[in-house]
>>> print(open('input_38.cif').read())   # mmCIF, C-alpha atoms and all ligand atoms
data_upload
#
loop_
_atom_site.label_atom_id
_atom_site.label_comp_id
_atom_site.auth_asym_id
_atom_site.auth_seq_id
_atom_site.Cartn_x
_atom_site.Cartn_y
_atom_site.Cartn_z
CA VAL A 1 244.94 -184.83 -8.37
CA THR A 2 245.47 -188.21 -6.75
CA VAL A 3 247.87 -187.89 -3.87
CA PRO A 4 249.97 -191.07 -3.50
CA ALA A 5 249.77 -193.06 -0.23
CA GLU A 6 253.14 -191.79 0.90
CA PRO A 7 253.55 -188.55 -1.01
CA ASP A 8 256.82 -186.66 -1.11
CA PHE A 9 257.04 -183.27 0.54
CA PHE A 10 256.53 -181.17 -2.60
CA THR A 11 253.51 -183.20 -3.65
CA VAL A 12 252.01 -182.52 -0.23
CA VAL A 13 252.71 -178.77 -0.38
CA ASP A 14 251.61 -178.34 -3.97
CA THR A 15 248.29 -180.11 -3.43
CA GLN A 16 247.35 -178.72 -0.01
CA ARG A 17 243.98 -177.02 -0.09
CA ALA A 18 241.46 -175.92 2.46
CA LEU A 19 239.16 -178.98 2.68
CA ARG A 20 235.96 -178.26 4.55
CA ARG A 21 233.58 -181.19 4.03
CA PHE A 22 234.17 -184.40 5.94
CA GLY A 23 232.90 -187.96 6.04
CA ARG A 24 231.75 -189.54 9.29
CA GLU A 25 234.70 -191.91 9.59
CA PRO A 26 236.75 -191.09 12.70
CA VAL A 27 240.41 -190.09 12.58
CA SER A 28 242.58 -192.77 14.16
CA ASP A 29 244.59 -192.11 17.30
CA ALA A 30 247.75 -193.07 15.39
CA SER A 31 247.04 -190.44 12.74
CA LEU A 32 246.30 -187.81 15.37
CA ARG A 33 249.51 -188.62 17.21
CA ARG A 34 251.49 -188.36 13.97
CA ILE A 35 249.82 -185.05 13.04
CA LEU A 36 250.30 -183.51 16.49
CA THR A 37 253.90 -184.68 16.61
CA ALA A 38 254.50 -182.97 13.27
CA ALA A 39 252.94 -179.81 14.71
CA THR A 40 255.36 -179.87 17.61
CA ARG A 41 258.35 -180.05 15.24
CA ALA A 42 257.78 -176.39 14.35
CA PRO A 43 260.06 -173.49 15.20
CA SER A 44 259.15 -170.97 17.91
CA ALA A 45 260.68 -167.79 19.34
CA ARG A 46 263.30 -168.55 22.01
CA GLY A 47 262.65 -172.24 21.38
CA ALA A 48 259.94 -171.88 23.98
CA GLU A 49 257.38 -174.15 22.29
CA PRO A 50 254.51 -172.11 23.76
CA TRP A 51 251.81 -174.27 22.15
CA PHE A 52 249.03 -176.52 23.39
CA PHE A 53 246.57 -178.51 21.31
CA VAL A 54 243.13 -179.50 22.59
CA VAL A 55 241.88 -182.40 20.49
CA VAL A 56 238.09 -182.13 20.63
CA ARG A 57 236.24 -185.30 19.60
CA ASP A 58 233.36 -185.26 22.12
CA PRO A 59 230.20 -184.71 20.02
CA SER A 60 228.53 -182.44 22.57
CA ILE A 61 231.58 -180.15 22.80
CA ARG A 62 231.86 -180.12 19.01
CA ALA A 63 228.19 -179.20 18.78
CA ALA A 64 228.62 -176.34 21.24
CA ILE A 65 231.65 -175.00 19.35
CA GLY A 66 229.77 -175.47 16.07
CA ALA A 67 226.82 -173.39 17.29
CA HIS A 68 229.11 -170.52 18.30
CA TYR A 69 231.01 -170.80 15.02
CA ARG A 70 227.82 -170.63 12.97
CA ARG A 71 226.62 -167.50 14.78
CA ALA A 72 230.03 -165.85 14.30
CA TRP A 73 229.97 -166.69 10.59
CA GLU A 74 226.49 -165.24 10.15
CA ALA A 75 227.51 -162.02 11.93
CA GLY A 76 230.72 -161.83 9.90
CA GLU A 77 228.86 -162.39 6.65
CA ALA A 78 226.37 -159.63 7.44
CA PHE A 79 229.26 -157.28 8.24
CA THR A 80 231.12 -158.24 5.05
CA VAL A 81 228.07 -157.58 2.90
CA ALA A 82 227.19 -154.33 4.67
CA THR A 83 230.69 -152.90 4.36
CA ASP A 84 231.74 -154.65 1.12
CA ALA A 85 234.75 -155.79 3.13
CA ASP A 86 235.93 -158.29 0.49
CA ARG A 87 235.95 -155.83 -2.42
CA ASP A 88 239.70 -156.36 -2.90
CA VAL A 89 239.40 -160.13 -3.45
CA ARG A 90 235.76 -160.55 -4.53
CA GLU A 91 236.57 -160.62 -8.24
CA ARG A 92 239.19 -163.34 -7.91
CA PRO A 93 238.19 -166.49 -9.78
CA TYR A 94 238.07 -168.77 -6.74
CA TYR A 95 236.38 -166.35 -4.34
CA PRO A 96 232.78 -167.58 -4.86
CA ARG A 97 233.84 -171.21 -4.44
CA MET A 98 235.83 -170.39 -1.31
CA MET A 99 232.88 -168.53 0.19
CA ARG A 100 230.46 -171.36 -0.59
CA ALA A 101 232.82 -173.86 1.02
CA ALA A 102 233.44 -171.64 4.05
CA ALA A 103 229.67 -171.15 4.44
CA HIS A 104 229.19 -174.91 4.33
CA LEU A 105 231.81 -175.33 7.03
CA ALA A 106 230.07 -172.68 9.12
CA THR A 107 226.87 -174.72 9.23
CA HIS A 108 228.58 -178.13 9.53
CA LEU A 109 231.65 -177.54 11.68
CA ALA A 110 230.49 -180.00 14.34
CA GLU A 111 230.40 -182.78 11.72
CA ALA A 112 234.17 -182.76 11.48
CA PRO A 113 235.20 -185.75 13.60
CA VAL A 114 237.98 -183.74 15.20
CA LEU A 115 238.41 -180.07 16.05
CA VAL A 116 241.99 -179.27 16.98
CA VAL A 117 242.03 -176.14 19.11
CA CYS A 118 245.52 -174.67 18.66
CA CYS A 119 246.61 -172.57 21.62
CA LEU A 120 249.34 -170.09 22.47
CA ASP A 121 250.46 -169.81 26.10
CA HIS A 122 251.30 -166.18 26.88
CA ALA A 123 253.10 -167.27 30.06
CA GLN A 124 255.75 -168.97 27.90
CA LEU A 125 256.48 -165.96 25.71
CA GLY A 126 259.01 -164.27 28.01
CA PRO A 127 259.68 -160.71 26.88
CA ILE A 128 257.36 -161.13 23.89
CA ALA A 129 254.46 -160.69 26.33
CA GLY A 130 254.30 -158.20 29.18
CA PRO A 131 253.44 -159.23 32.76
CA ASP A 132 249.76 -158.59 32.03
CA GLY A 133 249.96 -160.99 29.08
CA ALA A 134 249.69 -158.19 26.49
CA LEU A 135 251.88 -158.87 23.47
CA ALA A 136 254.99 -156.70 23.05
CA SER A 137 255.69 -158.33 19.70
CA PRO A 138 252.61 -159.83 18.07
CA VAL A 139 254.73 -160.97 15.13
CA SER A 140 257.00 -163.09 17.32
CA ALA A 141 254.06 -164.36 19.35
CA TYR A 142 251.94 -165.60 16.46
CA ALA A 143 255.01 -166.78 14.56
CA SER A 144 255.45 -169.14 17.51
CA ILE A 145 252.17 -170.95 16.89
CA PHE A 146 251.21 -170.71 13.20
CA PRO A 147 254.21 -172.64 11.85
CA ALA A 148 253.01 -175.47 14.11
CA VAL A 149 249.47 -175.10 12.74
CA GLN A 150 250.78 -175.30 9.18
CA ASN A 151 252.85 -178.39 10.04
CA LEU A 152 249.66 -179.90 11.43
CA LEU A 153 247.74 -179.15 8.22
CA LEU A 154 250.50 -180.51 5.99
CA ALA A 155 250.83 -183.68 8.07
CA ALA A 156 247.07 -184.23 7.94
CA HIS A 157 247.11 -183.82 4.17
CA ALA A 158 250.10 -186.17 3.84
CA LEU A 159 248.01 -188.82 5.63
CA GLY A 160 245.07 -188.29 3.29
CA LEU A 161 243.07 -186.24 5.77
CA GLY A 162 241.66 -182.79 5.17
CA GLY A 163 241.30 -179.64 7.21
CA THR A 164 241.50 -175.90 7.14
CA LEU A 165 242.80 -173.11 9.30
CA THR A 166 240.04 -171.03 10.89
CA THR A 167 240.17 -167.98 13.14
CA LEU A 168 236.48 -167.15 13.47
CA HIS A 169 236.59 -168.25 17.11
CA ARG A 170 238.00 -164.81 17.89
CA HIS A 171 234.39 -163.69 18.07
CA PHE A 172 233.57 -166.23 20.80
CA GLU A 173 236.92 -166.92 22.41
CA ASP A 174 235.81 -166.40 26.01
CA ALA A 175 232.95 -168.85 25.59
CA LEU A 176 235.27 -171.33 23.87
CA LYS A 177 237.85 -171.08 26.63
CA SER A 178 235.31 -171.68 29.35
CA LEU A 179 233.78 -174.57 27.37
CA LEU A 180 237.22 -176.22 27.28
CA GLY A 181 238.25 -175.21 30.80
CA MET A 182 241.22 -173.22 29.52
CA PRO A 183 243.31 -170.93 31.72
CA ALA A 184 243.07 -167.17 31.12
CA ARG A 185 246.74 -166.86 30.09
CA VAL A 186 246.26 -169.17 27.09
CA GLU A 187 244.98 -167.77 23.80
CA VAL A 188 243.27 -169.74 21.06
CA ALA A 189 245.11 -169.09 17.79
CA ALA A 190 243.10 -171.35 15.50
CA ILE A 191 240.52 -174.09 15.31
CA VAL A 192 241.42 -176.71 12.72
CA PRO A 193 238.64 -179.14 11.78
CA LEU A 194 240.07 -182.46 10.61
CA GLY A 195 238.53 -185.46 8.95
CA HIS A 196 238.39 -187.67 5.91
CA PRO A 197 237.71 -185.18 3.12
CA LEU A 198 234.77 -185.46 0.74
CA ASP A 199 236.47 -183.07 -1.69
CA ARG A 200 239.65 -183.54 -3.62
CA ALA A 201 242.98 -181.98 -2.79
CA GLY A 202 244.85 -179.52 -5.06
CA PRO A 203 246.64 -178.63 -7.20
CA THR A 204 246.77 -175.51 -5.09
CA ARG A 205 246.18 -172.32 -7.06
CA ARG A 206 248.14 -169.25 -6.09
CA LYS A 207 249.44 -166.00 -7.58
CA PRO A 208 252.36 -166.58 -9.97
CA LEU A 209 255.72 -166.51 -8.22
CA SER A 210 256.91 -163.78 -10.59
CA THR A 211 254.39 -161.38 -9.04
CA VAL A 212 255.41 -161.94 -5.42
CA ALA A 213 259.15 -162.73 -5.41
CA PHE A 214 261.76 -160.03 -5.92
CA ALA A 215 265.49 -160.22 -6.46
CA ASP A 216 267.64 -158.15 -4.10
CA THR A 217 265.45 -155.05 -4.19
CA TRP A 218 261.71 -154.43 -4.06
CA GLY A 219 260.07 -154.78 -7.44
CA ALA A 220 263.04 -156.30 -9.28
CA PRO A 221 261.73 -159.54 -10.83
CA PHE A 222 263.11 -162.73 -9.37
CA GLY A 223 264.02 -164.74 -12.42
CA GLY A 224 265.06 -167.86 -10.49
C1 LIG A 301 244.22 -166.52 9.05
C2 LIG A 301 243.30 -167.44 8.29
C3 LIG A 301 241.96 -167.47 8.65
C4 LIG A 301 241.08 -168.30 7.96
N1 LIG A 301 239.78 -168.35 8.36
C5 LIG A 301 238.94 -169.21 7.75
C6 LIG A 301 237.61 -169.34 8.23
O1 LIG A 301 237.19 -168.69 9.19
N2 LIG A 301 236.79 -170.22 7.61
C7 LIG A 301 237.23 -170.97 6.56
O2 LIG A 301 236.45 -171.78 6.03
N3 LIG A 301 238.49 -170.87 6.06
C8 LIG A 301 239.35 -170.01 6.66
N4 LIG A 301 240.66 -169.91 6.21
C9 LIG A 301 241.10 -170.69 5.05
C10 LIG A 301 241.29 -169.81 3.80
O3 LIG A 301 240.05 -169.43 3.29
C11 LIG A 301 242.08 -170.63 2.77
O4 LIG A 301 243.34 -170.94 3.32
C12 LIG A 301 242.29 -169.89 1.47
O5 LIG A 301 241.05 -169.54 0.90
C13 LIG A 301 243.07 -170.73 0.47
O6 LIG A 301 242.33 -171.87 0.14
P1 LIG A 301 242.95 -173.04 -0.75
O7 LIG A 301 244.16 -173.53 -0.03
O8 LIG A 301 241.86 -174.07 -0.83
O9 LIG A 301 243.30 -172.47 -2.09
C14 LIG A 301 241.55 -169.10 6.88
C15 LIG A 301 242.92 -169.06 6.55
C16 LIG A 301 243.78 -168.27 7.25
C17 LIG A 301 245.25 -168.29 6.90
#
>>> encode(input="input_38.cif", output="structure tokens", more="lines below")
Ligand SMILES: Cc1cc2nc3c(=O)[nH]c(=O)nc-3n(C[C@H](O)[C@H](O)[C@H](O)COP(=O)(O)O)c2cc1C
Amino acid sequence: VTVPAEPDFFTVVDTQRALRRFGREPVSDASLRRILTAATRAPSARGAEPWFFVVVRDPSIRAAIGAHYRRAWEAGEAFTVATDADRDVRERPYYPRMMRAAAHLATHLAEAPVLVVCCLDHAQLGPIAGPDGALASPVSAYASIFPAVQNLLLAAHALGLGGTLTTLHRHFEDALKSLLGMPARVEVAAIVPLGHPLDRAGPTRRKPLSTVAFADTWGAPFGG
């Protein structure tokens, strides 16, 4: 699919894919500002806007994150194979392609010209987090950062850039936080690599709506 230079919203949504291979060309400051501004248009619990975004372009920091990411991927892959953890999705038609692409990203993360580290500040969650920072309502907490991450991904795609949401950093979060000089109260929710994609966007393939949307009661088909 060729996405027009200024695509309409539904073209953007319907062609958004995880794009994990990037050219060397840098992402302009103007594009990054537009993308980050779109991220900050998102909703959040209590209107608190408890997000921060660390835009990592420094090659040595990217390399350090990339090395951690690769180790976490290799450990995760070994665990997945040993426990057959993906047995519920392994037979899906796009699973092998997704895994190949994710494995490529794992060994090339640092080649993305930008890594956006998307952060959630527990100190701005009010009653959603207790005084020790523990989450009283994980749903409300993460629902206060991931809409922003999705806005970021959609905005990047609308500008012809590619990226994907990753959460593998959970296996090296302490190291990541110290690498970036982050305060203890701030949690990393996602790392989004961004760049000029080498692969083509959608159309996005998903389960048919009829299998996931119900009318009024559970299981009653939503006819539209
Ligand atoms: C919570 C979450 C974690 C993800 N973690 C990773 C990851 O660690 N590595 C990766 O390459 N993609 C990751 N993805 C991207 C998914 O694999 C991708 O969104 C999904 O396969 C759909 O791909 P498509 O939009 O190209 O169809 C993650 C997505 C989500 C929502």
>>> residues_around(input="input_38.cif", residues="Glu187 of chain A", least_positions_apart="3", cutoff="8 Å", atoms="all atoms listed in the file", output="number ranges by chain")
A: 119-122, 184
>>> closest_residue(input="input_38.cif", among="A:Ala155, A:Ala134, A:Val81, A:Ala123", to="Val13 of chain A", atoms="all atoms listed in the file")
A:Ala155
>>> residues_near_ligand(input="input_38.cif", ligand="ligand LIG 301 (chain A)", cutoff="10 Å", atoms="only C-alpha atoms and all ligand atoms", output="PDB file with C-alpha atoms, in the coordinates of the input")
ATOM      1  CA  ASP A  14     251.610-178.340  -3.970  1.00  0.00           C
ATOM      2  CA  THR A  15     248.290-180.110  -3.430  1.00  0.00           C
ATOM      3  CA  GLN A  16     247.350-178.720  -0.010  1.00  0.00           C
ATOM      4  CA  ARG A  17     243.980-177.020  -0.090  1.00  0.00           C
ATOM      5  CA  ALA A  18     241.460-175.920   2.460  1.00  0.00           C
ATOM      6  CA  LEU A  19     239.160-178.980   2.680  1.00  0.00           C
ATOM      7  CA  ARG A  20     235.960-178.260   4.550  1.00  0.00           C
ATOM      8  CA  TYR A  69     231.010-170.800  15.020  1.00  0.00           C
ATOM      9  CA  ALA A  72     230.030-165.850  14.300  1.00  0.00           C
ATOM     10  CA  TRP A  73     229.970-166.690  10.590  1.00  0.00           C
ATOM     11  CA  GLY A  76     230.720-161.830   9.900  1.00  0.00           C
ATOM     12  CA  TYR A  94     238.070-168.770  -6.740  1.00  0.00           C
ATOM     13  CA  TYR A  95     236.380-166.350  -4.340  1.00  0.00           C
ATOM     14  CA  ARG A  97     233.840-171.210  -4.440  1.00  0.00           C
ATOM     15  CA  MET A  98     235.830-170.390  -1.310  1.00  0.00           C
ATOM     16  CA  MET A  99     232.880-168.530   0.190  1.00  0.00           C
ATOM     17  CA  ARG A 100     230.460-171.360  -0.590  1.00  0.00           C
ATOM     18  CA  ALA A 101     232.820-173.860   1.020  1.00  0.00           C
ATOM     19  CA  ALA A 102     233.440-171.640   4.050  1.00  0.00           C
ATOM     20  CA  ALA A 103     229.670-171.150   4.440  1.00  0.00           C
ATOM     21  CA  HIS A 104     229.190-174.910   4.330  1.00  0.00           C
ATOM     22  CA  LEU A 105     231.810-175.330   7.030  1.00  0.00           C
ATOM     23  CA  ALA A 106     230.070-172.680   9.120  1.00  0.00           C
ATOM     24  CA  LEU A 109     231.650-177.540  11.680  1.00  0.00           C
ATOM     25  CA  PHE A 146     251.210-170.710  13.200  1.00  0.00           C
ATOM     26  CA  VAL A 149     249.470-175.100  12.740  1.00  0.00           C
ATOM     27  CA  GLN A 150     250.780-175.300   9.180  1.00  0.00           C
ATOM     28  CA  GLY A 163     241.300-179.640   7.210  1.00  0.00           C
ATOM     29  CA  THR A 164     241.500-175.900   7.140  1.00  0.00           C
ATOM     30  CA  LEU A 165     242.800-173.110   9.300  1.00  0.00           C
ATOM     31  CA  THR A 166     240.040-171.030  10.890  1.00  0.00           C
ATOM     32  CA  THR A 167     240.170-167.980  13.140  1.00  0.00           C
ATOM     33  CA  LEU A 168     236.480-167.150  13.470  1.00  0.00           C
ATOM     34  CA  HIS A 169     236.590-168.250  17.110  1.00  0.00           C
ATOM     35  CA  ARG A 170     238.000-164.810  17.890  1.00  0.00           C
ATOM     36  CA  ALA A 189     245.110-169.090  17.790  1.00  0.00           C
ATOM     37  CA  ALA A 190     243.100-171.350  15.500  1.00  0.00           C
ATOM     38  CA  ILE A 191     240.520-174.090  15.310  1.00  0.00           C
ATOM     39  CA  VAL A 192     241.420-176.710  12.720  1.00  0.00           C
ATOM     40  CA  PRO A 193     238.640-179.140  11.780  1.00  0.00           C
ATOM     41  CA  ALA A 201     242.980-181.980  -2.790  1.00  0.00           C
ATOM     42  CA  GLY A 202     244.850-179.520  -5.060  1.00  0.00           C
ATOM     43  CA  PRO A 203     246.640-178.630  -7.200  1.00  0.00           C
ATOM     44  CA  THR A 204     246.770-175.510  -5.090  1.00  0.00           C
ATOM     45  CA  ARG A 205     246.180-172.320  -7.060  1.00  0.00           C
ATOM     46  CA  ARG A 206     248.140-169.250  -6.090  1.00  0.00           C
TER      47      ARG A 206
END
>>> residues_near_point(input="input_38.cif", point="(244.2, -189.7, 0.6)", cutoff="7 Å", atoms="only C-alpha atoms", output="number ranges by chain")
A: 3, 5, 159-161
>>> write_last_selection(input="input_38.cif", atoms="C-alpha atoms", output="mmCIF file, keeping the file's coordinate frame")
data_model
loop_
_atom_site.group_PDB
_atom_site.id
_atom_site.type_symbol
_atom_site.label_atom_id
_atom_site.label_comp_id
_atom_site.auth_asym_id
_atom_site.auth_seq_id
_atom_site.Cartn_x
_atom_site.Cartn_y
_atom_site.Cartn_z
ATOM 1 C CA VAL A 3 247.870 -187.890 -3.870
ATOM 2 C CA ALA A 5 249.770 -193.060 -0.230
ATOM 3 C CA LEU A 159 248.010 -188.820 5.630
ATOM 4 C CA GLY A 160 245.070 -188.290 3.290
ATOM 5 C CA LEU A 161 243.070 -186.240 5.770
#
>>> closest_residue(input="input_38.cif", among="A:Val188, A:Met182, A:Val212, A:Ala158", to="Pro7 of chain A", atoms="only C-alpha atoms")
A:Ala158
>>> closest_residue(input="input_38.cif", among="A:Asp86, A:Glu6, A:Glu111, A:Glu25", to="Ala67 of chain A", atoms="only C-alpha atoms")
A:Glu111
>>> atom_distance(input="input_38.cif", atom1="atom CA of Gly66 of chain A", atom2="atom CA of His157 of chain A")
22.6 Å
>>> atom_distance(input="input_38.cif", atom1="atom CA of Ser31 of chain A", atom2="atom CA of Pro4 of chain A")
16.5 Å
>>> atom_distance(input="input_38.cif", atom1="atom CA of Leu176 of chain A", atom2="atom CA of Ile61 of chain A")
9.6 Å
>>> closest_residue(input="input_38.cif", among="A:Gly195, A:Cys118, A:Ala48, A:Pro221", to="Leu209 of chain A", atoms="all atoms listed in the file")
A:Pro221
>>> closest_residue(input="input_38.cif", among="A:Gly162, A:Gly219, A:Pro127, A:Gly181", to="Val54 of chain A", atoms="all atoms listed in the file")
A:Gly181
>>> residues_around(input="input_38.cif", residues="Ala112 of chain A", least_positions_apart="2", cutoff="8 Å", atoms="only C-alpha atoms", output="list of chain:residue names")
A:Arg21, A:Phe22, A:Gly23, A:Arg24, A:His108, A:Leu109, A:Ala110, A:Val114, A:Leu115, A:Pro193, A:Leu194, A:Gly195
>>> closest_residue(input="input_38.cif", among="A:Pro96, A:Pro113, A:Thr83, A:Ser144", to="Leu32 of chain A", atoms="all atoms listed in the file")
A:Pro113
